[in-house]
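Note sheet for the following structure.
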Number of protein chains: 2
Amino acid sequence: MSAKSTTAILSKLRALMKNTKYVCEPLQAYIVPTGDAHQSEYVADSDKRRDYISGFTGSGGTAIVTDSKAALWTDGRYFLQAEKQLDSNWILMKHGLPDTPTQAEWLTKNLPVGGRVGVDPFMLSVEKWKPLHKSLKANGCILVPVDQNLVDVIWNDQPEPPNNPLIILPVEYTGLSWQEKVKKVQDKLLEKNCYAFVLTALDEIAWLFNLRGSDIVYNPVFFSYTVITRDKVHIFIDDSKLQNGVSEHLKLNDSAQKNGTSIEKHDYNTIKDFLTNLQTTTDKKIWISEKSSFALHSTIPKAKRNHDPSPVALFKAIKNETEIEGMKNAQIKDAVALCEFFCWLEKQVPSGDVTEITAANRLEQFRREQDDFVSLSFDTISSSGANGAIIHYKPTEESDIVITTDQMYLCDSGAQYKNGTTDTTRTIHLGVPTKYQQECFTRVLKGHISLATAVFPNGVKGHMLDTLARSSLWNAGLDYLHGTGHGVGHFLNVHEGPCGISHIVTLTDVALQEGMILSDEPGFYQDGEFGVRIESLILVQKADTKYNFRKKGFLTFETITPVPIQTKMIDPSLLTEQEINWLNDFHSFCQQVVGDEMEKQGRKEVRKWLINATKPIG
Amino acid sequence: MSAKSTTAILSKLRALMKNTKYVCEPLQAYIVPTGDAHQSEYVADSDKRRDYISGFTGSGGTAIVTDSKAALWTDGRYFLQAEKQLDSNWILMKHGLPDTPTQAEWLTKNLPVGGRVGVDPFMLSVEKWKPLHKSLKANGCILVPVDQNLVDVIWNDQPEPPNNPLIILPVEYTGLSWQEKVKKVQDKLLEKNCYAFVLTALDEIAWLFNLRGSDIVYNPVFFSYTVITRDKVHIFIDDSKLQNGVSEHLKLNDSAQKNGTSIEKHDYNTIKDFLTNLQTTTDKKIWISEKSSFALHSTIPKAKRNHDPSPVALFKAIKNETEIEGMKNAQIKDAVALCEFFCWLEKQVPSGDVTEITAANRLEQFRREQDDFVSLSFDTISSSGANGAIIHYKPTEESDIVITTDQMYLCDSGAQYKNGTTDTTRTIHLGVPTKYQQECFTRVLKGHISLATAVFPNGVKGHMLDTLARSSLWNAGLDYLHGTGHGVGHFLNVHEGPCGISHIVTLTDVALQEGMILSDEPGFYQDGEFGVRIESLILVQKADTKYNFRKKGFLTFETITPVPIQTKMIDPSLLTEQEINWLNDFHSFCQQVVGDEMEKQGRKEVRKWLINATKPIG
């Protein structure tokens, strides 16, 4: 990994910042955030503008270029990588450290009063635009939308935006037809007295239409926008995506629809003009969430905007029975692959020729053997020893090390199956763990169990449960510096909102509801030595409580990831009787559902491994 | 309790709303909130404007009068009382019920476009003004500050504002001289690059000057404002309060101060003019928290305002060693009184002549026997049976019932001593509790212990601990509809910010810090039958953990309220070994510190009771 020379690129960008062909008045700064026009967490190669301009390839970060300086903000996951990848033109801003200025602080310090800060308004959500605009304004600078993306102008070998073919998911996989989903949105429009809802998040569009794509690696989405009005649906999409029956699936050629839902197809790039016009045709409000881009948001006058959170995000988060069944089945198939993998590791590691990368590759092979496998759901975190303490570690050729029987091994991985998405972390030791490693592991496990078994009334939000996963660590003076859980899509993004379990409270957090699926992943990281994380997916479901105070109704979780937890790592003296019972019940569940699947698949050897790995303790 | 006739009063108020002597343009609505010019939680009789205008005397609520309607918003504590006290001119708005409109919603529905809504700008904090202003504006109405309070104009028998004499607290009680406290604020002014800080909260002023008053019942505060500049202190106070050495204590007559801190005395009513002028004398910002009134806030132009939370609120919340020692001693003396009371109840209740009111009075007598007793710290909640389920119950002559051996008895009470404030709840049964009552009590106790024994890293805010106090109830499908803990002042308000423990997250919540004192008071309420609450005060202190992750430092609590918890109410089979140990250790602590104090006070009989009440269980 070495630094990319950015001198020529920066010089070109600075020239454009003064070029009145692109800007009304010269800019004193230009912001290049990570992102795309849909505010995706991960982006296609054609959208990696920040990587191009700075040389830094991490998944999160923001570049800002002024007339004389260039600075890149990124978080603790990427400090080391950014130091290596940025050349001397760049100042690394370590986000999260107390002395690091915010982007607005740095800008106002470095710009003259009245300084103009440009950004592509498609690349910034309103919820990010607003506070930045406010801070700049309070200090005499101004945030300016620049319609032509300046990086695109100078990026000579910019890849074409992907246009991969789509998969149609039949209702046997989705539980609801797209027409039924559209109807749910239209009911919300009436309820909120709005005329139309604008969908810009790619996973929401994929969910709505029961279509999946592959425009962004690991994220089965496709580039498009959608506008649902009270009586019509508008999709903005490239023609090439409408092959292989997609056009028929969307009934684009049916002139009249019995149930009143007809879809009109538009060119992807016409969305802005369409919205600009749409609001003039109605007295009612247009609904567009603040997670959408400033560019689209600003086409609608403030008085005609409803910027409540997207209803589709919530519909999507609450899985229906078919989606739940699919998710559970996907976890079982994935568990077969993971058991094969751990069984294989136990045999191969002692020979000394398994590295983090070869292990990750072998695991992917096992997954490919499963029905309806589509792709991984994120880069496999295959990490041995000290690498396990790097929370978002991905082995590279430079970092790759041999997995040994002397070190702990942490594997966080997942896959996309046509009927569900998986995300599982297990931490194992193939030799003899130290007492300290066992204590840390057991405390993480206690937190994992405490969350998995929590009972709570309707109305409780995820952040109210975060402490349950930490208490056993806190009691010993330990902690972990990441959230405890995220929503997981149904054959969709492995990270999805709006629910989550974190100590950080967000204003858009919603109450947990029956049918939501989240991860439960406490951890502990001893820098330079080892990492522990135990992650399963948990499904929110009704709790059967002795009483029912004020008929509020109570909820709990069902753990749906049937992958054994290595008992060698556990110090049973730290577990309560209930915790031991939970673990033994969980292992008996793993043995049953995964054992049955192994039997079906004729995998006799790994079944023996499973029976051994799931023996009761205590 | 019967309704007050408000027809004539409302008619007078409506005339004033159109009278250009008081308003520039006619008002279509006038708001009368609960409160005073200092945003006090409880108010003096002279400030009970909402009571006067509506007849409703509860501690919280807002009255709004339009040309043709009058509406009063209050919360669940007061629905019944408000229904009885409001006459037919009034619509009761049950705050917290799903169908109840917000004040802004109701106003915009009932007013014409451009409707003007008046309010006394001294009676509304900026943090309340802003969202109301915004909602009204978004719907075409306008919130108008009306300098002359219209209720004062028509309130013919309005009491004079109280002007009670002050108590000077020597440094043996406070740990710091007022000069040292002023210095701490001045250091903050430099740190924040501000010129002055404006104190409007009465308890902050009392704390700052080591003075106590009695202008508001149970709240040892006095009417005044204070402005601290970088080199001077300005106090706005009535001359009558400066008797009995207060003037000397404040060194008002010393022309020169060695340490540079001199106090200038102003008339109480000149604060607004003073601030209007002050900001013109400096280029730097004036610091005034958003908890201050809109009237004072708006004297300072936006660009010259720093509206960060008050530094004094935080200094006051973090008790110093002297304050902690005083608080602990106050709890011990109060425990003697409470033990006497419970011992007396056990003897007297069987005779059938003890009522909720006579019990409360007897308890007050026991408290008066203790050194440095000043007053109660709030109305004693002395509640038997079903009255215990009314969370803020205060027995009245109408509601008063006999305490029997058939019912549970809940007593939530506290006192002001010169060296500290107390707030304790114990729930007992003087006969035989049912199994269900025992289960509820024991689950509340488990929550109380879970919070009291929590270990957590520096940086954790109170809301992150709230769930610990609820889990044992949630597991059985039970819950309680109030927060778990509030800050408690040192011989000051029994409720103080900025820390607290609640499921409701506030933006102004701060991290828990060593030296803060809070209540730990989970409960359970079976409507129409009984209430359970167990409340002790807990002091935040350093935790001695096995490890210290990233040198964050860990905290825990020390329970400082040594009042026995009735073991008869406990079902030991629901407790873990650790919980039983905690209870036995706690009772041994009670027996020791309170027993010693009883011995000192020569109270032999109650000491026997204490020894019996604190016998180990399990």
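Labeling convention for the structure tokens: chains A, B, ... as they appear, residues from 1 per chain, ligands from 1 in order of appearance.
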Test item: residues at most 8 Å from Gly35 in chain B, only C-alpha atoms, excluding those fewer than 3 positions along its chain, as a ChimeraX atom specification: /B:38-43,47-48,123-124
Selection to disk with C-alpha atoms, as a PDB file, in the first residue's frame:
ATOM      1  CA  HIS B  38     -36.841  31.892  37.008  1.00  0.00           C
ATOM      2  CA  GLN B  39     -38.403  28.797  35.437  1.00  0.00           C
ATOM      3  CA  SER B  40     -38.782  27.214  38.888  1.00  0.00           C
ATOM      4  CA  GLU B  41     -40.404  23.769  39.052  1.00  0.00           C
ATOM      5  CA  TYR B  42     -42.482  24.853  42.057  1.00  0.00           C
ATOM      6  CA  VAL B  43     -43.647  28.444  42.442  1.00  0.00           C
ATOM      7  CA  ASP B  47     -46.774  33.284  40.846  1.00  0.00           C
ATOM      8  CA  LYS B  48     -49.766  30.951  40.809  1.00  0.00           C
ATOM      9  CA  MET B 123     -42.713  32.923  32.084  1.00  0.00           C
ATOM     10  CA  LEU B 124     -41.389  30.832  29.200  1.00  0.00           C
TER      11      LEU B 124
END
Within 7 Å of range 458-466 of chain A using only C-alpha atoms, minus same-chain residues under 6 positions, as a ChimeraX atom specification: /A:451,484,499-505,509-512,552-555 /B:464,467
Would you output that residue set with C-alpha atoms, as a compact mmCIF listing (two decimals), in the first residue's frame?
# COMPACT_ATOMS: atom_id res chain seq x y z
CA LEU A 451 -29.50 -8.94 25.02
CA THR A 484 -24.23 -3.64 19.66
CA CYS A 499 -33.74 0.22 14.03
CA GLY A 500 -30.47 -0.47 15.79
CA ILE A 501 -28.97 -1.15 19.21
CA SER A 502 -26.35 1.38 20.23
CA HIS A 503 -25.33 3.66 23.07
CA ILE A 504 -25.54 6.51 20.57
CA VAL A 505 -29.06 7.90 20.48
CA ASP A 509 -34.43 5.73 16.05
CA VAL A 510 -37.75 3.84 16.12
CA ALA A 511 -39.29 1.46 18.62
CA LEU A 512 -38.47 -2.22 18.17
CA LYS A 552 -48.80 -2.77 26.62
CA GLY A 553 -47.68 -6.10 25.20
CA PHE A 554 -44.13 -7.31 25.72
CA LEU A 555 -41.46 -8.34 23.22
CA MET B 464 -28.18 4.39 29.63
CA THR B 467 -33.20 -0.23 31.75
Contact residues around Tyr218 in chain B with only C-alpha atoms at 6 Å, ignoring same-chain residues under 5 positions, as a list of chain:residue names: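 Residues near the query, excluding close chain neighbours: B:Leu376, B:Ser377, B:Phe378.
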Next, write the just-selected residues to a file, as a PDB file, in the first residue's frame, keeping all heavy atoms as the atom set.
ATOM      1  N   LEU B 376     -39.595  20.347  55.560  1.00  0.00           N
ATOM      2  CA  LEU B 376     -39.690  19.207  54.664  1.00  0.00           C
ATOM      3  C   LEU B 376     -39.092  19.626  53.315  1.00  0.00           C
ATOM      4  O   LEU B 376     -38.942  20.821  53.034  1.00  0.00           O
ATOM      5  CB  LEU B 376     -41.150  18.782  54.486  1.00  0.00           C
ATOM      6  CG  LEU B 376     -41.882  18.329  55.756  1.00  0.00           C
ATOM      7  CD1 LEU B 376     -43.265  17.799  55.399  1.00  0.00           C
ATOM      8  CD2 LEU B 376     -41.084  17.259  56.511  1.00  0.00           C
ATOM      9  N   SER B 377     -38.789  18.644  52.476  1.00  0.00           N
ATOM     10  CA  SER B 377     -38.260  18.994  51.156  1.00  0.00           C
ATOM     11  C   SER B 377     -39.335  18.863  50.073  1.00  0.00           C
ATOM     12  O   SER B 377     -39.118  19.256  48.934  1.00  0.00           O
ATOM     13  CB  SER B 377     -37.034  18.142  50.812  1.00  0.00           C
ATOM     14  OG  SER B 377     -37.338  16.773  50.875  1.00  0.00           O
ATOM     15  N   PHE B 378     -40.486  18.313  50.422  1.00  0.00           N
ATOM     16  CA  PHE B 378     -41.659  18.274  49.529  1.00  0.00           C
ATOM     17  C   PHE B 378     -42.831  17.731  50.342  1.00  0.00           C
ATOM     18  O   PHE B 378     -42.633  17.234  51.465  1.00  0.00           O
ATOM     19  CB  PHE B 378     -41.394  17.408  48.276  1.00  0.00           C
ATOM     20  CG  PHE B 378     -41.013  15.984  48.574  1.00  0.00           C
ATOM     21  CD1 PHE B 378     -41.960  14.963  48.549  1.00  0.00           C
ATOM     22  CD2 PHE B 378     -39.692  15.649  48.901  1.00  0.00           C
ATOM     23  CE1 PHE B 378     -41.603  13.652  48.837  1.00  0.00           C
ATOM     24  CE2 PHE B 378     -39.337  14.336  49.186  1.00  0.00           C
ATOM     25  CZ  PHE B 378     -40.301  13.335  49.161  1.00  0.00           C
TER      26      PHE B 378
END
d(CA of His482 in chain B, CA of Gly96 in chain B) in Å: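 Those two atoms sit 12.5 Å apart.
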Quick one: contact table of chain A to chain B, 7 Å max, nearest atom pair and distance in Å to one decimal per residue, counting only C-alpha atoms, chain and number order, as a Markdown table?
| residue | atom | partner | partner_atom | distance |
| --- | --- | --- | --- | --- |
| A:Val455 | CA | B:Asn475 | CA | 5.3 |
| A:Phe456 | CA | B:Trp474 | CA | 5.4 |
| A:Pro457 | CA | B:Trp474 | CA | 6.8 |
| A:Met464 | CA | B:Thr467 | CA | 6.3 |
| A:Leu465 | CA | B:Thr467 | CA | 6.9 |
| A:Thr467 | CA | B:Met464 | CA | 6.2 |
| A:Trp474 | CA | B:Phe456 | CA | 5.4 |
| A:Asn475 | CA | B:Val455 | CA | 5.3 |
| A:Ala476 | CA | B:Lys546 | CA | 5.2 |
| A:Gly477 | CA | B:Tyr547 | CA | 4.7 |
| A:Leu478 | CA | B:Phe549 | CA | 5.0 |
| A:Asp479 | CA | B:Phe549 | CA | 6.5 |
| A:Thr545 | CA | B:Gly477 | CA | 5.1 |
| A:Lys546 | CA | B:Ala476 | CA | 5.2 |
| A:Tyr547 | CA | B:Gly477 | CA | 4.7 |
| A:Asn548 | CA | B:Gly477 | CA | 4.8 |
| A:Phe549 | CA | B:Leu478 | CA | 5.0 |
| A:Phe554 | CA | B:Gly477 | CA | 6.4 |
Point-to-point distance in Å for CA of Phe122 in chain B and CA of Ser293 in chain B: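 Computing the Euclidean distance for CA of Ser293 in chain B and CA of Phe122 in chain B yields 5.1 Å.
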Range 265-275 of chain B environment, 9 Å, only C-alpha atoms, sequence neighbours closer than 3 positions dropped, as a list of chain:residue names: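 Using only C-alpha atoms, the neighbours found are B:Val198, B:Phe223, B:Ser224, B:Tyr225, B:Thr226, B:Val227, B:Val233, B:His234, B:Ile235, B:Phe236, B:Ile237, B:Asp238, B:Asp239, B:Leu252, B:Leu278, B:Gln279, B:Thr280, B:Ala295, B:Leu296, B:Thr299, B:Ile300.
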Selection near Met408 in chain B, 8 Å with only C-alpha atoms, sequence-local residues under 3 positions removed, as a list in words: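 The contact residues come out as Ser384, Gly385, Gly388, Thr405, Thr427, Ile428, His429, Leu430, Pro433, Phe530 and Gly531 of chain B.
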Could you write those residues out with C-alpha atoms, as a compact mmCIF listing (two decimals), in the first residue's frame?
# COMPACT_ATOMS: atom_id res chain seq x y z
CA SER B 384 -52.37 3.54 52.00
CA GLY B 385 -53.69 0.81 49.72
CA GLY B 388 -50.27 4.22 46.83
CA THR B 405 -52.94 -3.94 58.65
CA THR B 427 -43.19 0.60 51.14
CA ILE B 428 -44.36 -1.64 53.97
CA HIS B 429 -47.16 -3.96 54.95
CA LEU B 430 -48.22 -4.00 58.60
CA PRO B 433 -48.81 -9.15 52.10
CA PHE B 530 -51.50 -0.76 45.83
CA GLY B 531 -48.26 0.96 44.94
Nearest residue to Glu290 in chain A from the set A:Asn306, A:Asn110, A:Ser88, A:Asn277 (distances using only C-alpha atoms): A:Asn306
Strand (DSSP E or B) positions in range 171-318 of chain A, given as a ChimeraX atom specification: /A:194-199,211-212,216,219,225-229,233-236,263-266,285-287,293,305-306,318
Find the spatial neighbours of Ile9 in chain B, counting only C-alpha atoms, within a cut-off of 9 Å - ignore same-chain residues fewer than 5 positions away - and output them as a tab-separated table (two decimals) with all heavy atoms, in the first residue's frame.
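The result, written out as around-v4.tsv:
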chain	number	residue	atom	x	y	z
B	14	ARG	N	-60.16	38.44	28.45
B	14	ARG	CA	-60.43	38.60	27.01
B	14	ARG	C	-60.49	40.08	26.62
B	14	ARG	O	-60.09	40.46	25.52
B	14	ARG	CB	-61.72	37.87	26.63
B	14	ARG	CG	-61.51	36.36	26.61
B	14	ARG	CD	-62.76	35.57	26.28
B	14	ARG	NE	-62.43	34.15	26.22
B	14	ARG	CZ	-63.10	33.17	26.82
B	14	ARG	NH1	-64.19	33.45	27.53
B	14	ARG	NH2	-62.70	31.92	26.70
B	52	TYR	N	-55.01	30.86	39.47
B	52	TYR	CA	-55.99	31.94	39.60
B	52	TYR	C	-56.95	31.98	38.42
B	52	TYR	O	-58.16	32.08	38.58
B	52	TYR	CB	-55.27	33.29	39.74
B	52	TYR	CG	-56.24	34.44	39.71
B	52	TYR	CD1	-57.05	34.72	40.82
B	52	TYR	CD2	-56.39	35.23	38.56
B	52	TYR	CE1	-57.97	35.76	40.79
B	52	TYR	CE2	-57.30	36.27	38.52
B	52	TYR	CZ	-58.09	36.54	39.63
B	52	TYR	OH	-59.01	37.54	39.59
B	53	ILE	N	-56.39	31.85	37.23
B	53	ILE	CA	-57.20	32.02	36.03
B	53	ILE	C	-58.11	30.82	35.76
B	53	ILE	O	-59.20	30.96	35.22
B	53	ILE	CB	-56.27	32.31	34.81
B	53	ILE	CG1	-57.04	33.06	33.72
B	53	ILE	CG2	-55.65	31.07	34.23
B	53	ILE	CD1	-56.97	34.52	33.90
B	54	SER	N	-57.66	29.64	36.19
B	54	SER	CA	-58.40	28.42	35.82
B	54	SER	C	-59.09	27.73	37.00
B	54	SER	O	-60.02	26.97	36.81
B	54	SER	CB	-57.44	27.42	35.18
B	54	SER	OG	-56.55	26.90	36.15
B	154	ILE	N	-55.53	41.71	36.29
B	154	ILE	CA	-56.89	41.45	36.79
B	154	ILE	C	-56.93	40.76	38.15
B	154	ILE	O	-57.96	40.68	38.78
B	154	ILE	CB	-57.70	40.60	35.78
B	154	ILE	CG1	-56.96	39.30	35.45
B	154	ILE	CG2	-57.97	41.40	34.52
B	154	ILE	CD1	-57.77	38.38	34.56
B	155	TRP	N	-55.78	40.27	38.59
B	155	TRP	CA	-55.73	39.50	39.85
B	155	TRP	C	-55.70	40.49	41.03
B	155	TRP	O	-54.64	40.93	41.45
B	155	TRP	CB	-54.47	38.61	39.83
B	155	TRP	CG	-54.40	37.60	40.95
B	155	TRP	CD1	-55.27	37.43	41.99
B	155	TRP	CD2	-53.38	36.61	41.12
B	155	TRP	NE1	-54.86	36.39	42.78
B	155	TRP	CE2	-53.69	35.86	42.27
B	155	TRP	CE3	-52.23	36.26	40.41
B	155	TRP	CZ2	-52.90	34.82	42.73
B	155	TRP	CZ3	-51.45	35.23	40.87
B	155	TRP	CH2	-51.78	34.50	42.01
Residues within 10 Å of Ser240 in chain A, only C-alpha atoms, excluding chain neighbours under 5 positions, as number ranges by chain: A: 163-166
Could you write those residues out with N, CA, C and O atoms, as a PDB file, in the first residue's frame?
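And here is the file that came out, again23.pdb:
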ATOM      1  N   ASN A 163     -24.543  -1.292 -14.784  1.00  0.00           N
ATOM      2  CA  ASN A 163     -25.884  -1.525 -15.293  1.00  0.00           C
ATOM      3  C   ASN A 163     -26.133  -3.014 -15.368  1.00  0.00           C
ATOM      4  O   ASN A 163     -26.442  -3.566 -16.403  1.00  0.00           O
ATOM      5  N   ASN A 164     -25.968  -3.672 -14.234  1.00  0.00           N
ATOM      6  CA  ASN A 164     -26.072  -5.129 -14.200  1.00  0.00           C
ATOM      7  C   ASN A 164     -27.532  -5.569 -14.292  1.00  0.00           C
ATOM      8  O   ASN A 164     -28.428  -4.828 -13.878  1.00  0.00           O
ATOM      9  N   PRO A 165     -27.750  -6.769 -14.824  1.00  0.00           N
ATOM     10  CA  PRO A 165     -29.118  -7.275 -14.937  1.00  0.00           C
ATOM     11  C   PRO A 165     -29.757  -7.490 -13.562  1.00  0.00           C
ATOM     12  O   PRO A 165     -29.063  -7.680 -12.566  1.00  0.00           O
ATOM     13  N   LEU A 166     -31.071  -7.483 -13.552  1.00  0.00           N
ATOM     14  CA  LEU A 166     -31.804  -7.618 -12.292  1.00  0.00           C
ATOM     15  C   LEU A 166     -32.331  -9.034 -12.092  1.00  0.00           C
ATOM     16  O   LEU A 166     -32.498  -9.787 -13.044  1.00  0.00           O
TER      17      LEU A 166
END
Two-atom distance - CA of His486 in chain B, CA of Thr561 in chain B (Å):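 If I compute the distance from CA of His486 in chain B to CA of Thr561 in chain B, I get 14.8 Å.
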From A:Val221, A:Ile617, A:Leu136, A:Leu97, residue lying nearest Leu111 in chain A [only C-alpha atoms]: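 Closest residue, counting only C-alpha atoms: A:Leu136.
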DSSP helix (DSSP H, G or I) residues within range 22-263 of chain A, listed as number ranges by chain: A: 45-47, 49-54, 76-85, 103-110, 126-138, 150-154, 171-174, 178-191, 202-209, 239-242, 246-249
